[in-house]
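**Student:** Below is coords15.tsv; it holds TSV, C-alpha atoms.
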chain	number	residue	atom	x	y	z
A	1	MET	CA	-22.09	-36.25	34.40
A	2	SER	CA	-23.18	-33.22	36.38
A	3	LEU	CA	-22.23	-32.64	39.98
A	4	ILE	CA	-24.80	-29.87	40.29
A	5	PRO	CA	-28.13	-30.95	41.78
A	6	ARG	CA	-30.96	-30.92	39.25
A	7	ARG	CA	-33.03	-28.54	41.38
A	8	ALA	CA	-30.26	-25.96	41.29
A	9	ARG	CA	-30.06	-26.24	37.52
A	10	VAL	CA	-33.83	-25.87	37.17
A	11	LEU	CA	-33.76	-22.78	39.35
A	12	ALA	CA	-31.24	-21.23	37.02
A	13	GLY	CA	-33.82	-21.36	34.26
A	14	SER	CA	-36.20	-19.12	36.18
A	15	ALA	CA	-33.89	-16.35	37.21
A	16	TRP	CA	-35.31	-13.25	38.77
A	17	PRO	CA	-35.81	-10.61	36.11
A	18	GLY	CA	-34.00	-8.07	38.21
A	19	ARG	CA	-30.89	-10.20	38.28
A	20	GLU	CA	-30.34	-10.18	34.56
A	21	VAL	CA	-27.07	-8.65	33.50
A	22	ASP	CA	-27.28	-6.29	30.62
A	23	GLY	CA	-24.08	-6.51	28.68
A	24	TYR	CA	-21.62	-7.35	31.43
A	25	ALA	CA	-21.03	-9.99	34.04
A	26	ASN	CA	-20.54	-7.45	36.82
A	27	LEU	CA	-23.39	-8.67	38.94
A	28	ILE	CA	-22.24	-12.27	38.99
A	29	ALA	CA	-18.71	-11.20	39.79
A	30	ALA	CA	-19.93	-8.92	42.54
A	31	ARG	CA	-22.07	-11.70	43.96
A	32	LEU	CA	-19.13	-14.10	43.91
A	33	ARG	CA	-16.96	-11.56	45.70
A	34	LYS	CA	-19.57	-11.16	48.42
A	35	LEU	CA	-19.87	-14.91	48.81
A	36	ALA	CA	-16.11	-15.17	49.00
A	37	ALA	CA	-15.93	-12.45	51.63
A	38	ALA	CA	-18.56	-14.29	53.68
A	39	ARG	CA	-16.66	-17.55	53.17
A	40	SER	CA	-19.87	-19.10	51.92
A	41	THR	CA	-20.40	-22.72	51.02
A	42	GLY	CA	-22.98	-23.67	48.43
A	43	THR	CA	-24.00	-23.40	44.79
A	44	LEU	CA	-24.65	-20.31	42.69
A	45	PRO	CA	-26.82	-21.31	39.71
A	46	VAL	CA	-26.29	-19.29	36.55
A	47	SER	CA	-28.48	-19.08	33.49
A	48	GLY	CA	-28.31	-17.44	30.11
A	49	PRO	CA	-26.55	-18.66	26.97
A	50	ALA	CA	-24.45	-20.87	29.21
A	51	GLU	CA	-26.44	-22.56	31.95
A	52	GLY	CA	-24.64	-24.04	34.88
A	53	ALA	CA	-23.46	-23.28	38.36
A	54	ILE	CA	-20.46	-22.29	40.40
A	55	VAL	CA	-19.81	-24.18	43.62
A	56	LEU	CA	-18.01	-22.60	46.55
A	57	ARG	CA	-16.61	-24.08	49.70
A	58	GLY	CA	-15.44	-21.73	52.40
A	59	GLY	CA	-15.56	-18.84	49.93
A	60	HIS	CA	-13.34	-20.55	47.36
A	61	VAL	CA	-14.42	-22.05	44.06
A	62	VAL	CA	-14.24	-25.83	44.06
A	63	HIS	CA	-16.36	-26.60	41.03
A	64	ALA	CA	-18.12	-25.05	38.05
A	65	GLU	CA	-19.91	-26.45	35.08
A	66	SER	CA	-21.61	-25.00	32.06
A	67	SER	CA	-23.82	-26.31	29.29
A	68	ARG	CA	-21.39	-24.77	26.77
A	69	THR	CA	-18.29	-26.58	27.94
A	70	PRO	CA	-17.58	-30.31	28.04
A	71	PRO	CA	-19.53	-32.14	30.73
A	72	TRP	CA	-17.76	-32.77	33.97
A	73	ARG	CA	-15.84	-36.00	33.95
A	74	THR	CA	-14.85	-37.72	37.12
A	75	VAL	CA	-11.11	-37.39	37.48
A	76	ASP	CA	-9.20	-40.13	39.20
A	77	LEU	CA	-7.40	-37.92	41.68
A	78	ALA	CA	-5.39	-40.79	43.08
A	79	ALA	CA	-4.10	-41.67	39.63
A	80	LEU	CA	-3.03	-38.07	39.23
A	81	GLY	CA	-1.20	-38.11	42.52
A	82	LEU	CA	-3.58	-35.61	44.09
A	83	THR	CA	-4.73	-37.61	47.08
A	84	GLN	CA	-1.48	-38.72	48.55
A	85	ALA	CA	-1.77	-39.49	52.23
A	86	GLU	CA	1.84	-39.01	53.23
A	87	ALA	CA	3.05	-35.48	52.81
A	88	GLY	CA	4.77	-32.75	54.70
A	89	PRO	CA	3.02	-29.73	56.11
A	90	SER	CA	0.76	-28.31	53.46
A	91	PRO	CA	-0.76	-24.83	53.69
A	92	ALA	CA	-4.03	-26.37	54.80
A	93	ARG	CA	-2.40	-28.36	57.54
A	94	ALA	CA	-0.32	-25.44	58.65
A	95	GLY	CA	-3.45	-23.55	59.64
A	96	THR	CA	-3.60	-21.29	56.61
A	97	SER	CA	-6.30	-23.24	54.88
A	98	LEU	CA	-6.73	-22.25	51.28
A	99	ALA	CA	-10.46	-22.67	51.67
A	100	GLY	CA	-10.67	-20.65	54.83
A	101	PRO	CA	-12.18	-21.93	58.01
A	102	SER	CA	-14.84	-24.52	57.43
A	103	ARG	CA	-18.27	-24.41	58.97
A	104	ALA	CA	-19.09	-26.63	61.86
A	105	GLY	CA	-19.69	-30.19	60.80
A	106	GLU	CA	-18.51	-29.56	57.27
A	107	ALA	CA	-16.25	-32.20	55.84
A	108	VAL	CA	-13.38	-30.63	53.94
A	109	PRO	CA	-11.33	-33.11	51.93
A	110	GLU	CA	-7.67	-33.06	52.73
A	111	ALA	CA	-5.70	-31.56	49.89
A	112	ALA	CA	-2.47	-33.26	49.10
A	113	GLU	CA	0.64	-31.18	49.16
A	114	PRO	CA	1.76	-30.32	45.64
A	115	SER	CA	4.68	-32.42	44.59
A	116	THR	CA	6.53	-33.33	41.47
A	117	GLY	CA	4.55	-34.97	38.72
A	118	MET	CA	1.29	-33.38	39.84
A	119	LEU	CA	1.12	-30.37	37.54
A	120	ALA	CA	-0.72	-32.08	34.74
A	121	GLY	CA	-3.14	-33.46	37.27
A	122	LEU	CA	-3.74	-30.06	38.81
A	123	LEU	CA	-4.40	-28.66	35.38
A	124	ALA	CA	-6.72	-31.54	34.51
A	125	VAL	CA	-8.99	-30.78	37.44
A	126	THR	CA	-8.86	-26.99	37.41
A	127	GLU	CA	-9.01	-26.19	33.68
A	128	PRO	CA	-12.59	-27.53	33.25
A	129	ILE	CA	-13.69	-25.35	36.17
A	130	ILE	CA	-12.09	-22.22	34.77
A	131	ASP	CA	-13.33	-23.02	31.28
A	132	ALA	CA	-16.89	-23.35	32.56
A	133	ALA	CA	-16.62	-20.24	34.73
A	134	THR	CA	-15.39	-18.23	31.74
A	135	GLU	CA	-18.55	-19.19	29.88
A	136	LEU	CA	-20.79	-18.54	32.89
A	137	LEU	CA	-19.30	-15.08	33.33
A	138	SER	CA	-20.28	-14.10	29.81
A	139	THR	CA	-22.04	-10.85	29.19
A	140	LYS	CA	-25.58	-12.22	29.09
A	141	SER	CA	-25.46	-14.51	32.09
A	142	ARG	CA	-27.55	-14.06	35.20
A	143	TYR	CA	-27.58	-15.73	38.56
A	144	THR	CA	-30.27	-16.99	40.87
A	145	LYS	CA	-30.52	-17.55	44.58
A	146	PHE	CA	-27.41	-18.94	46.18
A	147	ARG	CA	-28.13	-22.37	47.55
A	148	ARG	CA	-26.16	-23.11	50.68
A	149	SER	CA	-24.83	-26.58	51.42
A	150	ASP	CA	-25.27	-27.93	47.90
A	151	VAL	CA	-21.64	-28.90	47.65
A	152	PRO	CA	-21.00	-32.23	45.92
A	153	GLY	CA	-18.77	-34.56	47.81
A	154	THR	CA	-16.36	-35.20	44.95
A	155	VAL	CA	-15.16	-31.70	44.13
A	156	GLN	CA	-11.49	-31.19	43.41
A	157	PRO	CA	-9.28	-30.69	46.45
A	158	TYR	CA	-7.55	-27.46	45.40
A	159	PRO	CA	-9.90	-24.52	45.93
A	160	ILE	CA	-9.48	-21.58	43.57
A	161	PRO	CA	-9.67	-18.08	45.07
A	162	VAL	CA	-12.62	-16.14	43.67
A	163	ALA	CA	-10.48	-13.11	42.87
A	164	ALA	CA	-8.05	-15.27	40.88
A	165	LEU	CA	-10.89	-16.97	39.02
A	166	LEU	CA	-12.49	-13.64	38.09
A	167	ALA	CA	-9.18	-12.19	36.94
A	168	GLU	CA	-8.50	-15.25	34.81
A	169	ALA	CA	-12.00	-15.20	33.30
A	170	GLU	CA	-11.58	-11.54	32.44
A	171	ARG	CA	-8.20	-12.22	30.84
A	172	ARG	CA	-9.73	-15.03	28.79
A	173	HIS	CA	-12.52	-12.78	27.60
A	174	ARG	CA	-9.90	-10.30	26.39
A	175	VAL	CA	-8.01	-13.07	24.58
A	176	LEU	CA	-11.24	-14.22	22.92
A	177	SER	CA	-11.91	-10.64	21.87
A	178	GLN	CA	-8.56	-10.63	20.10
A	179	LEU	CA	-9.39	-13.86	18.31
A	180	ALA	CA	-12.88	-12.80	17.33
A	181	ALA	CA	-11.68	-11.08	14.14
A	182	VAL	CA	-10.59	-14.49	12.84
A	183	VAL	CA	-12.32	-17.24	14.78
A	184	THR	CA	-14.61	-17.64	17.77
A	185	ALA	CA	-15.62	-20.72	19.71
A	186	ASP	CA	-18.72	-20.90	17.53
A	187	THR	CA	-17.17	-20.27	14.11
A	188	PRO	CA	-17.32	-23.23	11.70
A	189	VAL	CA	-13.89	-24.19	10.43
A	190	ILE	CA	-12.82	-26.55	7.69
A	191	ARG	CA	-9.76	-28.68	7.07
A	192	GLY	CA	-7.76	-29.06	3.93
A	193	ALA	CA	-7.04	-25.46	3.30
A	194	SER	CA	-4.36	-24.72	0.77
A	195	LEU	CA	-1.09	-25.03	2.69
A	196	GLY	CA	1.19	-23.39	0.19
A	197	ARG	CA	4.18	-25.25	1.62
A	198	PRO	CA	5.36	-28.85	1.33
A	199	ARG	CA	5.60	-29.62	5.05
A	200	LEU	CA	4.26	-28.37	8.34
A	201	GLN	CA	4.96	-29.37	11.90
A	202	VAL	CA	2.23	-29.36	14.54
A	203	SER	CA	2.10	-30.23	18.21
A	204	ALA	CA	0.29	-33.30	19.53
A	205	PRO	CA	-2.71	-31.30	20.79
A	206	GLN	CA	-2.98	-29.52	17.43
A	207	TRP	CA	-2.86	-32.79	15.54
A	208	ALA	CA	-5.51	-34.29	17.84
A	209	LEU	CA	-7.72	-31.34	17.03
A	210	VAL	CA	-7.21	-31.69	13.27
A	211	VAL	CA	-7.89	-35.42	13.38
A	212	GLY	CA	-10.82	-35.12	15.78
A	213	MET	CA	-12.82	-32.60	13.82
A	214	SER	CA	-15.06	-32.75	10.79
A	215	ASP	CA	-15.46	-29.97	8.26
A	216	GLY	CA	-17.88	-27.33	9.43
A	217	MET	CA	-17.47	-28.06	13.12
A	218	THR	CA	-16.87	-25.21	15.50
A	219	PRO	CA	-14.05	-25.18	18.05
A	220	ARG	CA	-16.68	-25.59	20.76
A	221	GLU	CA	-18.10	-28.68	19.08
A	222	VAL	CA	-14.62	-30.14	18.70
A	223	ALA	CA	-13.88	-29.40	22.36
A	224	MET	CA	-17.13	-31.09	23.39
A	225	ARG	CA	-16.29	-34.11	21.26
A	226	LEU	CA	-12.76	-34.41	22.58
A	227	GLY	CA	-13.59	-33.39	26.15
A	228	ARG	CA	-11.10	-30.54	26.04
A	229	SER	CA	-11.17	-26.93	27.14
A	230	VAL	CA	-13.26	-24.76	24.83
A	231	PHE	CA	-10.96	-21.81	25.43
A	232	ALA	CA	-7.78	-23.77	24.67
A	233	THR	CA	-9.38	-25.39	21.63
A	234	THR	CA	-10.40	-22.02	20.25
A	235	ILE	CA	-6.83	-20.77	20.61
A	236	GLU	CA	-5.48	-23.91	18.93
A	237	ALA	CA	-7.99	-23.47	16.10
A	238	TYR	CA	-6.76	-19.91	15.65
A	239	ARG	CA	-3.16	-21.10	15.50
A	240	LEU	CA	-4.04	-23.79	12.97
A	241	VAL	CA	-5.72	-21.13	10.85
A	242	GLU	CA	-2.47	-19.17	11.13
A	243	LEU	CA	-0.55	-22.22	9.94
A	244	GLY	CA	-3.01	-22.81	7.11
A	245	LEU	CA	-4.18	-26.22	8.29
A	246	LEU	CA	-7.66	-24.90	9.04
A	247	ALA	CA	-9.69	-22.19	7.38
A	248	VAL	CA	-12.74	-20.20	8.33
A	249	THR	CA	-15.45	-20.56	5.72
A	250	GLY	CA	-16.50	-17.32	4.16
A	251	HIS	CA	-14.50	-15.20	6.57
A	252	PRO	CA	-10.87	-15.01	5.53
A	253	PRO	CA	-8.62	-13.10	7.91
A	254	PRO	CA	-8.62	-9.41	7.03
A	255	ALA	CA	-5.72	-8.58	4.78
A	256	ASP	CA	-5.44	-5.00	5.92
A	257	GLY	CA	-3.92	-5.86	9.25
A	258	ARG	CA	-7.05	-5.33	11.31
A	259	GLY	CA	-6.88	-8.91	12.54
A	260	ARG	CA	-3.78	-8.56	14.72
A	261	ALA	CA	-1.98	-11.65	15.92
A	262	LEU	CA	-2.98	-13.16	19.23
A	263	ALA	CA	-0.87	-11.83	22.07
A	264	PHE	CA	-1.40	-12.87	25.66
A	265	MET	CA	0.54	-9.75	26.62
A	266	ARG	CA	-2.25	-7.55	25.30
A	267	ALA	CA	-4.79	-9.45	27.39
A	268	VAL	CA	-3.02	-8.62	30.63
A	269	THR	CA	-3.97	-5.36	32.22
A	270	ASN	CA	-4.06	-5.88	35.94
A	271	GLU	CA	-5.12	-8.35	38.59
A	272	ARG	CA	-8.65	-7.04	39.06
A	273	GLY	CA	-11.67	-9.25	38.66
A	274	THR	CA	-14.49	-9.08	36.14
A	275	ASP	CA	-16.33	-6.42	38.06
A	276	GLY	CA	-13.29	-4.32	38.56
B	1	MET	CA	-2.43	-17.19	41.07
B	2	ILE	CA	-5.02	-19.71	40.07
B	3	LEU	CA	-3.42	-22.43	42.20
B	4	PRO	CA	-1.82	-20.89	45.27
B	5	ALA	CA	-1.07	-24.38	46.53
B	6	ALA	CA	1.17	-24.99	43.52
B	7	ASP	CA	3.45	-22.09	44.41
B	8	GLU	CA	5.36	-24.46	46.67
B	9	LEU	CA	6.44	-26.40	43.61
B	10	LEU	CA	8.72	-23.54	42.63
B	11	ALA	CA	10.76	-23.64	45.83
B	12	PRO	CA	13.78	-25.37	44.23
B	13	VAL	CA	14.32	-22.69	41.59
B	14	THR	CA	14.29	-19.89	44.15
B	15	ALA	CA	17.75	-21.12	45.10
B	16	ILE	CA	19.14	-19.75	41.83
B	17	ASP	CA	21.50	-16.86	42.62
B	18	GLY	CA	19.87	-13.60	41.65
B	19	PHE	CA	16.40	-15.18	41.47
B	20	ARG	CA	13.71	-12.57	40.86
B	21	LEU	CA	10.66	-14.40	39.55
B	22	GLY	CA	9.56	-17.93	38.77
B	23	CYS	CA	6.28	-18.93	37.13
B	24	LEU	CA	4.61	-22.02	35.80
B	25	VAL	CA	2.43	-21.14	32.83
B	26	ASP	CA	-0.04	-23.22	30.85
B	27	ALA	CA	1.14	-22.60	27.31
B	28	ALA	CA	-2.21	-23.54	25.80
B	29	THR	CA	-4.15	-20.86	27.62
B	30	GLY	CA	-1.51	-18.44	28.93
B	31	MET	CA	-2.76	-19.02	32.45
B	32	VAL	CA	-0.36	-18.59	35.35
B	33	LEU	CA	-0.56	-21.75	37.45
B	34	ALA	CA	1.92	-20.79	40.11
B	35	SER	CA	4.44	-18.06	40.78
B	36	LYS	CA	7.06	-17.03	43.25
B	37	GLU	CA	8.69	-13.62	43.38
B	38	ASN	CA	11.73	-12.56	45.30
B	39	PRO	CA	10.39	-10.65	48.29
B	40	GLY	CA	11.52	-7.07	48.33
B	41	GLY	CA	12.08	-7.07	44.63
B	42	SER	CA	10.35	-5.11	41.93
B	43	PRO	CA	6.56	-4.66	41.80
B	44	PRO	CA	4.49	-7.76	40.98
B	45	MET	CA	5.17	-8.72	37.40
B	46	SER	CA	4.18	-12.37	37.11
B	47	ALA	CA	1.13	-11.73	34.93
B	48	ASP	CA	3.00	-9.70	32.32
B	49	ALA	CA	6.10	-11.87	32.39
B	50	SER	CA	4.08	-15.07	32.06
B	51	ALA	CA	2.04	-13.70	29.19
B	52	GLY	CA	5.27	-12.72	27.48
B	53	ALA	CA	6.70	-16.20	28.00
B	54	ALA	CA	3.62	-17.82	26.49
B	55	ASP	CA	3.74	-15.44	23.52
B	56	ILE	CA	7.43	-16.17	22.92
B	57	PHE	CA	6.75	-19.89	23.10
B	58	HIS	CA	4.00	-19.66	20.53
B	59	VAL	CA	5.94	-17.50	18.13
B	60	LEU	CA	8.73	-20.09	18.22
B	61	THR	CA	6.22	-22.92	17.88
B	62	LEU	CA	4.80	-21.21	14.80
B	63	LEU	CA	8.33	-20.82	13.47
B	64	SER	CA	9.16	-24.48	13.98
B	65	GLY	CA	5.79	-25.41	12.51
B	66	ARG	CA	6.61	-23.60	9.31
B	67	LEU	CA	10.22	-24.73	9.16
B	68	ALA	CA	9.07	-28.30	9.83
B	69	THR	CA	12.52	-29.50	10.82
B	70	GLY	CA	11.09	-32.02	13.26
B	71	GLU	CA	12.74	-30.32	16.20
B	72	GLY	CA	11.24	-29.41	19.53
B	73	LEU	CA	11.87	-26.29	21.56
B	74	GLN	CA	14.33	-26.92	24.41
B	75	ASP	CA	14.64	-23.54	26.03
B	76	VAL	CA	14.76	-19.81	25.43
B	77	THR	CA	17.14	-17.37	27.08
B	78	VAL	CA	16.72	-13.66	26.58
B	79	THR	CA	19.42	-11.33	27.91
B	80	PHE	CA	18.37	-7.88	29.01
B	81	SER	CA	20.79	-5.26	30.29
B	82	ASP	CA	20.12	-6.20	33.94
B	83	SER	CA	18.39	-9.54	33.86
B	84	PHE	CA	18.02	-12.92	32.26
B	85	PHE	CA	14.61	-14.13	31.07
B	86	MET	CA	14.57	-17.92	30.70
B	87	VAL	CA	11.73	-20.11	29.45
B	88	ARG	CA	11.73	-23.89	29.30
B	89	PRO	CA	8.88	-26.30	28.51
B	90	VAL	CA	8.39	-28.64	31.42
B	91	GLY	CA	7.70	-31.45	28.98
B	92	LEU	CA	4.69	-33.14	30.46
B	93	THR	CA	3.04	-35.81	28.41
B	94	GLY	CA	-0.47	-35.64	27.05
B	95	GLU	CA	-2.34	-32.48	26.20
B	96	SER	CA	-0.66	-30.26	28.74
B	97	GLN	CA	2.25	-28.06	27.84
B	98	ILE	CA	3.51	-26.16	30.81
B	99	LEU	CA	6.28	-23.59	30.70
B	100	LEU	CA	8.69	-22.64	33.42
B	101	LEU	CA	9.69	-18.98	33.38
B	102	ILE	CA	12.60	-17.70	35.42
B	103	MET	CA	13.76	-14.12	35.68
B	104	ALA	CA	17.10	-13.55	37.38
B	105	ASP	CA	19.49	-10.72	38.11
B	106	ARG	CA	22.15	-10.73	35.42
B	107	GLN	CA	24.90	-9.44	37.73
B	108	ARG	CA	24.37	-12.15	40.32
B	109	THR	CA	23.42	-15.15	38.20
B	110	ASN	CA	25.76	-17.78	36.88
B	111	LEU	CA	23.91	-18.54	33.67
B	112	ALA	CA	25.30	-22.04	33.26
B	113	MET	CA	24.39	-22.98	36.81
B	114	ALA	CA	20.95	-21.44	36.46
B	115	ARG	CA	20.25	-23.35	33.27
B	116	ARG	CA	21.35	-26.57	34.93
B	117	THR	CA	19.04	-25.95	37.89
B	118	ILE	CA	16.17	-25.17	35.54
B	119	ARG	CA	16.81	-28.27	33.45
B	120	ASP	CA	16.90	-30.51	36.52
B	121	PHE	CA	13.78	-28.90	37.94
B	122	CYS	CA	11.84	-29.43	34.71
B	123	ALA	CA	13.00	-33.03	34.57
B	124	SER	CA	11.77	-33.60	38.12
B	125	LEU	CA	8.38	-32.08	37.30
B	126	ALA	CA	8.00	-34.28	34.26
B	127	SER	CA	8.89	-37.45	36.12
Go ahead and render the structure in this file as structure tokens.

**Tutor:**
Amino acid sequence: MSLIPRRARVLAGSAWPGREVDGYANLIAARLRKLAAARSTGTLPVSGPAEGAIVLRGGHVVHAESSRTPPWRTVDLAALGLTQAEAGPSPARAGTSLAGPSRAGEAVPEAAEPSTGMLAGLLAVTEPIIDAATELLSTKSRYTKFRRSDVPGTVQPYPIPVAALLAEAERRHRVLSQLAAVVTADTPVIRGASLGRPRLQVSAPQWALVVGMSDGMTPREVAMRLGRSVFATTIEAYRLVELGLLAVTGHPPPADGRGRALAFMRAVTNERGTDG
Amino acid sequence: MILPAADELLAPVTAIDGFRLGCLVDAATGMVLASKENPGGSPPMSADASAGAADIFHVLTLLSGRLATGEGLQDVTVTFSDSFFMVRPVGLTGESQILLLIMADRQRTNLAMARRTIRDFCASLAS
């Protein structure tokens, strides 16, 4: 299910030629920063390998979806404890709204104050947005005219600052660059590789991935099938290749050490955004 | 931070004597969900510290995967000359695996008390 109006998605397919990004997502990032500075509310359609849109409310990102990440699924916020009515003073109520001042007449859903037991819920509603934004901020993406007031009514209640989103997308791109020597989101992988050891222990998410995939599927296809984050699934696929439970057909990891192990530490440089 | 609103969640662990930094990190992606730093402390270090915590967690996960002893990681404590670096999985159910990272001043921290606070905090988050 898409929360983005069809017209906005169609517009993304006819992007202005001058808006095309050649090799870097700087222009989209710069546009998002400007929209954030202006505390804009609306939808920024994006086209390219990953079509979709980024939705802002009050200059903060409240939704994003991409054709290359699992489709948006309605999340039962109440079941996740994210719409509690009784809470103490939250940042929004205290006058330091996370979304910034709203425009006149604009209905801003009340965000529940974070409390215990809500972390998984927060992650469940924000990870799909960041996953989609990471795809939309790829090197060959382009944006079209920002459409004001196209904000769906059911966006998640915790706005994400644009600067934080851009920094996270940039970090993820660096992580994916590290993985690329072994596996990418679009690399077919197979099960049943030679383990070379009698027993292995995997986590529940890893086992779900192994069980949920068929030979020759890519991490992206598995993520789409399971409705999971493409980025997280690609990392899990890499780790399962490390363990020997999965293998990359025709592309064994380089034996000369060129394929260095994944390290989040190496993906951290600073807090700047994609256009920094 | 990706979820500034979640920073409030870390309030209980800031009571640890010698508290310097607290972060909640998504182990699957290495993303920092929330962080709190002791004001007036060292320069911002949550991104590097969180990435390090996620890397440590995954190295140990790979180790336990190969040893296949059926055990799960409870916590990690690293002792530096001036600080403690503590990582504990919050233990949420489902797909999510969130880590709590605490950095604390070694001279001012009672390690046993800190570990107890961390354990209780993680239990409350998982409830």

**Student:** Which neighbours of segment 72-79 of chain B fall inside 9 Å, counting all atoms listed in the file, when residues of the same chain fewer than 3 positions from it are skipped, and could you give them as a compact mmCIF listing (two decimals) with C-alpha atoms, in the frame of the given file?

**Tutor:**
# COMPACT_ATOMS: atom_id res chain seq x y z
CA ILE B 56 7.43 -16.17 22.92
CA PHE B 57 6.75 -19.89 23.10
CA LEU B 60 8.73 -20.09 18.22
CA THR B 61 6.22 -22.92 17.88
CA SER B 64 9.16 -24.48 13.98
CA THR B 69 12.52 -29.50 10.82
CA ASP B 82 20.12 -6.20 33.94
CA SER B 83 18.39 -9.54 33.86
CA PHE B 84 18.02 -12.92 32.26
CA PHE B 85 14.61 -14.13 31.07
CA MET B 86 14.57 -17.92 30.70
CA VAL B 87 11.73 -20.11 29.45
CA ARG B 88 11.73 -23.89 29.30
CA PRO B 89 8.88 -26.30 28.51
CA ARG B 106 22.15 -10.73 35.42

**Student:** Just checking: using only C-alpha atoms, which residue out of B:Asp17, B:Asp120, B:Asp55, B:Glu37 ends up closest to chain A?

**Tutor:**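 The shortest atom-to-atom distance to chain A comes from B:Asp55.
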
**Student:** Just want the 8 Å neighbourhood of segment 108-112 of chain B, counted on all atoms listed in the file, with same-chain residues fewer than 4 positions away dropped. Output as a list in words.

**Tutor:**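 Everything that qualifies: Ile16, Asp17, Gly18, Phe19, Ala104 and Arg116 of chain B.
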
**Student:** Those selected residues, please, written with C-alpha atoms and delivered as a CSV table (one decimal), in the frame of the given file.

**Tutor:**
chain,number,residue,atom,x,y,z
B,16,ILE,CA,19.1,-19.8,41.8
B,17,ASP,CA,21.5,-16.9,42.6
B,18,GLY,CA,19.9,-13.6,41.6
B,19,PHE,CA,16.4,-15.2,41.5
B,104,ALA,CA,17.1,-13.6,37.4
B,116,ARG,CA,21.4,-26.6,34.9

**Student:** Kindly indicate which residue among B:Gln107, B:Ala51, B:Leu99, B:Arg20 lies nearest to chain A, using only C-alpha atoms for the distances.

**Tutor:**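 Among B:Gln107, B:Ala51, B:Leu99, B:Arg20, it is B:Ala51 that comes nearest to chain A.
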
**Student:** In terms of the shortest atom-to-atom distance over all atoms listed in the file, which of A:Asp215, A:Ile28, A:Val230, A:Val268 is closest to Pro71 of chain A?

**Tutor:** A:Val230

**Student:** Please work out which residues fall within 7 Å of (18.9, -25.1, 41.2), coordinates as given in the file, with all atoms listed in the file counting, and return them as a list in words.

**Tutor:**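 The distance filter leaves exactly Pro12, Val13, Ala15, Ile16, Ala114, Arg116, Thr117 and Ile118 of chain B.
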
**Student:** Hey, what's within 10 Å of Pro49 of chain A if we count all atoms listed in the file and toss same-chain stuff fewer than 6 positions away? As a PyMOL selection string, please?

**Tutor:** chain A and resi 66-68+135-136+138-142

**Student:** Could you tell me which of B:Gly22, B:Gly65, B:Pro44, B:Pro4 comes closest to chain A if we count all atoms listed in the file?

**Tutor:**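 Closest candidate: B:Gly65.
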
**Student:** To one decimal in Å, tell me the separation between atom CA of Arg225 of chain A and atom CA of Leu62 of chain B.

**Tutor:**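 That distance, rounded to one decimal, is 25.6 Å.
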
**Student:** Please compute the atom CA of Pro70 of chain A-atom CA of Gly48 of chain A distance, one decimal, in Å.

**Tutor:**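 About the pair atom CA of Pro70 of chain A and atom CA of Gly48 of chain A: they are 16.9 Å apart.
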
**Student:** Would you mind telling me which residue in B:Leu21, B:Ala34, B:Leu67, B:Val59 lies nearest to Ile102 of chain B when using all atoms listed in the file?

**Tutor:**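 For Ile102 of chain B, the nearest of the given residues is B:Leu21.
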
**Student:** In Å, how far is it from atom CA of Ala124 of chain A to atom CA of Val90 of chain B?

**Tutor:**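 Value for the atom CA of Ala124 of chain A-atom CA of Val90 of chain B distance: 15.7 Å.
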
**Student:** Please provide the set of residues having any atom within 9 Å of Leu10 of chain B, restricted to all atoms listed in the file, with same-chain residues fewer than 5 positions apart removed, written as a short mmCIF file (atom, residue, chain, number, x, y, z; two decimals) with C-alpha atoms, in the frame of the given file.

**Tutor:**
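Written out: around_3.cif:
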data_model
loop_
_atom_site.label_atom_id
_atom_site.label_comp_id
_atom_site.auth_asym_id
_atom_site.auth_seq_id
_atom_site.Cartn_x
_atom_site.Cartn_y
_atom_site.Cartn_z
CA GLY B 22 9.56 -17.93 38.77
CA CYS B 23 6.28 -18.93 37.13
CA LEU B 24 4.61 -22.02 35.80
CA ALA B 34 1.92 -20.79 40.11
CA SER B 35 4.44 -18.06 40.78
CA LYS B 36 7.06 -17.03 43.25
CA PHE B 121 13.78 -28.90 37.94
#

**Student:** Copy segment 236-242 of chain A out of the block into a file, keeping N, CA and C atoms, as a short mmCIF file (atom, residue, chain, number, x, y, z; two decimals), in the first residue's frame.

**Tutor:**
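Generated file (result_38.cif):
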data_model
loop_
_atom_site.label_atom_id
_atom_site.label_comp_id
_atom_site.auth_asym_id
_atom_site.auth_seq_id
_atom_site.Cartn_x
_atom_site.Cartn_y
_atom_site.Cartn_z
N GLU A 236 22.68 -8.96 6.82
CA GLU A 236 22.52 -10.33 7.33
C GLU A 236 23.01 -11.34 6.30
N ALA A 237 22.71 -11.08 5.03
CA ALA A 237 23.18 -11.99 3.97
C ALA A 237 24.70 -12.04 3.96
N TYR A 238 25.32 -10.89 4.14
CA TYR A 238 26.79 -10.85 4.20
C TYR A 238 27.30 -11.70 5.36
N ARG A 239 26.64 -11.56 6.51
CA ARG A 239 27.09 -12.31 7.69
C ARG A 239 26.86 -13.80 7.52
N LEU A 240 25.81 -14.17 6.83
CA LEU A 240 25.56 -15.59 6.57
C LEU A 240 26.56 -16.14 5.56
N VAL A 241 27.01 -15.30 4.66
CA VAL A 241 28.10 -15.72 3.76
C VAL A 241 29.37 -15.93 4.58
N GLU A 242 29.60 -15.02 5.53
CA GLU A 242 30.76 -15.18 6.42
C GLU A 242 30.71 -16.50 7.18
#
